[in-house]
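Here is the structure we will look at, set down as structure tokens.
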Amino acid sequence: MDDEERKFQEGIRKTPWFAEFKREYGEEPDLNTPEYDYRAAWKADIRPQRDKHDGGRYHWASSLPGGKMLKSENHPTAWKEMYMRQTGRNPDEMMWGYATRRPSESEMAYFKKNPSVTGMASEDGRIVLNHEAGLKPEQMMAVARNEAIRLYLRQNKVPLQFSMTPRQVGYFNGTPYAANPAAMRETILARIITGDASAQDYTQEQAAAAQQLLRMMDSGRNR
């Protein structure tokens, strides 16, 4: 081990991020992962900073000051940097305060068994996206907003009483939502709000419920 590598190993292991990662995931971060170039970041004097959009957890920058990406295309949150570059808008500020995180091993196994599932609202109140689904950044953004809406509904126990159309029920047959009408209603509202055509032939009643929910979320009420 040369002197530069030794200083890198010693320094990064003393960071609060390293300790936080071990607490959260029960293991040390893989400093050799192809998903993120920790050595290039460290050499450029980049250090993890607290992220207000993820409960104050530590996060590394996505790229070097010159724009070169530190995250690979396969990194679970690389899409956010690409989205920001394409639109000039910070995706973290468009998801009503809900953060994304990398999938756990069990969640990745679920995604592999259910490749049509592109995201989920996790039990820890964060958004988990299937970054292996081959979606473009704008598609990932739409999925993230869908899951943020579902998290809001779940956390605030917003009652959903509207009826579903036969076409909607038929569309969700054979999916994880088929046996869960509450989750189906959540998904329909989320897709109406994000302009997803898979909401099918939504009704005026559903559109009114979606508008009311959007006003609640935008105002931050009940949060």
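All residue names refer to the structure tokens as shown: chains lettered A, B, ... in order, residues numbered from 1 in each chain, ligands numbered from 1 in order.
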Query raised in the report: Within 9 Å of Ser63 in chain A, counting only C-alpha atoms, which residues qualify if same-chain residues fewer than 6 places away don't, as JSON, numbers by chain?
Result: {"A": [41, 69, 70, 71, 81]}
Requested in this report: Run DSSP on the backbone of this structure and report the residues of range 155-210 of chain A it assigns to alpha helix (DSSP H), as a list in words.
Outcome: Gln155, Asn156, Pro166, Arg167, Gln168, Val169, Gly170, Tyr171, Phe172, Pro181, Ala182, Ala183, Met184, Arg185, Glu186, Thr187, Ile188, Leu189, Ala190, Arg191, Ile192, Ile193, Gln204, Glu205, Gln206, Ala207, Ala208, Ala209 and Ala210 of chain A
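Residues in contact with range 17-22 of chain A at 8 Å, where only C-alpha atoms are counted and same-chain residues fewer than 6 positions away are skipped, are listed as Glu28, Pro29, Pro48, Arg57, Tyr58 and His59 of chain A.
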Query - Val143 in chain A surroundings by only C-alpha atoms, 7 Å radius, close-in-sequence under 3 positions cut, as a list in words - result: Thr118, Gly119, Gln139, Met140, Asn146 and Glu147 of chain A
Just the selected residues (N, CA and C atoms), exported as a short mmCIF file (atom, residue, chain, number, x, y, z; two decimals), in the first residue's frame, please.
data_model
loop_
_atom_site.label_atom_id
_atom_site.label_comp_id
_atom_site.auth_asym_id
_atom_site.auth_seq_id
_atom_site.Cartn_x
_atom_site.Cartn_y
_atom_site.Cartn_z
N THR A 118 -41.02 -0.56 -10.63
CA THR A 118 -39.92 0.38 -10.80
C THR A 118 -39.57 1.16 -9.53
N GLY A 119 -40.39 1.04 -8.49
CA GLY A 119 -40.09 1.74 -7.26
C GLY A 119 -41.02 1.31 -6.15
N GLN A 139 -38.07 9.59 -16.34
CA GLN A 139 -38.96 8.50 -15.92
C GLN A 139 -38.71 8.15 -14.46
N MET A 140 -37.46 8.17 -14.05
CA MET A 140 -37.13 7.92 -12.64
C MET A 140 -37.75 9.00 -11.76
N ASN A 146 -44.30 9.51 -7.70
CA ASN A 146 -45.38 8.57 -7.39
C ASN A 146 -45.21 7.99 -5.99
N GLU A 147 -43.99 7.54 -5.69
CA GLU A 147 -43.76 6.91 -4.39
C GLU A 147 -43.82 7.93 -3.26
#
Query raised in the report: Residues at most 12 Å from Lys43 in chain A, counting only C-alpha atoms, excluding those fewer than 6 positions away in the same chain, as a count of residues only?
Result: 10
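Backbone DSSP of range 43-207 of chain A yields strand (DSSP E or B) at Gln49, Arg50, Asp51, Arg57, Tyr58, His59, Ser63, Met69, Lys71, Thr100, Arg101, Gly119, Met120, Ala121, Ile127, Val128 and Leu129 of chain A.
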Output N, CA and C atoms of each residue in that selection to a file, as a short mmCIF file (atom, residue, chain, number, x, y, z; two decimals), in the first residue's frame.
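Saved result, out35.cif, follows:
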data_model
loop_
_atom_site.label_atom_id
_atom_site.label_comp_id
_atom_site.auth_asym_id
_atom_site.auth_seq_id
_atom_site.Cartn_x
_atom_site.Cartn_y
_atom_site.Cartn_z
N GLN A 49 -21.24 15.55 2.83
CA GLN A 49 -21.94 16.63 3.52
C GLN A 49 -23.33 16.16 3.93
N ARG A 50 -23.85 16.76 4.97
CA ARG A 50 -25.21 16.43 5.41
C ARG A 50 -26.22 16.91 4.36
N ASP A 51 -27.20 16.07 4.12
CA ASP A 51 -28.21 16.36 3.10
C ASP A 51 -29.55 16.62 3.78
N ARG A 57 -28.65 12.97 6.73
CA ARG A 57 -27.64 11.94 6.51
C ARG A 57 -26.53 12.49 5.61
N TYR A 58 -25.37 11.83 5.69
CA TYR A 58 -24.23 12.26 4.88
C TYR A 58 -24.35 11.72 3.46
N HIS A 59 -23.99 12.58 2.49
CA HIS A 59 -23.98 12.19 1.09
C HIS A 59 -22.73 12.74 0.41
N SER A 63 -20.43 14.60 -8.67
CA SER A 63 -19.43 14.86 -9.70
C SER A 63 -18.32 15.75 -9.15
N MET A 69 -18.33 12.93 -13.74
CA MET A 69 -19.13 12.15 -12.80
C MET A 69 -18.26 11.28 -11.91
N LYS A 71 -20.12 9.24 -9.82
CA LYS A 71 -21.04 8.10 -9.79
C LYS A 71 -21.09 7.46 -11.18
N THR A 100 -34.68 9.60 -1.57
CA THR A 100 -34.45 8.27 -2.12
C THR A 100 -33.26 7.64 -1.41
N ARG A 101 -33.21 6.33 -1.43
CA ARG A 101 -32.03 5.61 -0.93
C ARG A 101 -31.81 4.38 -1.79
N GLY A 119 -40.39 1.04 -8.49
CA GLY A 119 -40.09 1.74 -7.26
C GLY A 119 -41.02 1.31 -6.15
N MET A 120 -40.70 1.70 -4.93
CA MET A 120 -41.55 1.39 -3.78
C MET A 120 -41.40 2.45 -2.71
N ALA A 121 -42.46 2.60 -1.94
CA ALA A 121 -42.46 3.49 -0.77
C ALA A 121 -42.07 2.62 0.42
N ILE A 127 -37.88 6.65 -0.43
CA ILE A 127 -38.22 6.14 -1.75
C ILE A 127 -37.11 5.21 -2.23
N VAL A 128 -37.49 4.03 -2.68
CA VAL A 128 -36.52 3.08 -3.23
C VAL A 128 -36.86 2.85 -4.69
N LEU A 129 -35.89 3.10 -5.57
CA LEU A 129 -36.11 2.97 -7.00
C LEU A 129 -35.34 1.79 -7.56
#
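Neighbouring residues of Ala142 in chain A at 12 Å or closer, counting only C-alpha atoms and skipping chain neighbours under 4 positions away, are Trp79, Lys80, Tyr83, Pro91, Met94, Met95, Thr118, Gly119, Ile127, Leu129, Leu135, Lys136, Pro137, Glu138, Asn146, Glu147, Ala148, Ile149, Ala190, Arg191, Ile192, Ile193, Thr194, Gly195, Asp196 and Ala197 of chain A.
Here the question is which of A:Met216, A:Pro166, A:Glu93, A:Asn130 gets nearest to Glu105 in chain A using only C-alpha atoms, and that residue is A:Asn130.
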Report task. Between A:Thr15, A:Ser198, A:Asn114, A:Thr87, single out the one closest to Met141 in chain A, counting only C-alpha atoms. Result ->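 Closest to Met141 in chain A of all the choices is A:Thr87.
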Report task. Extract, using only C-alpha atoms, all DNA, RNA and protein residues at most 10 Å from Ser116 in chain A, discarding same-chain residues fewer than 4 positions from it, and format them as a PyMOL selection string. Result -> chain A and resi 111-112+130+133+175
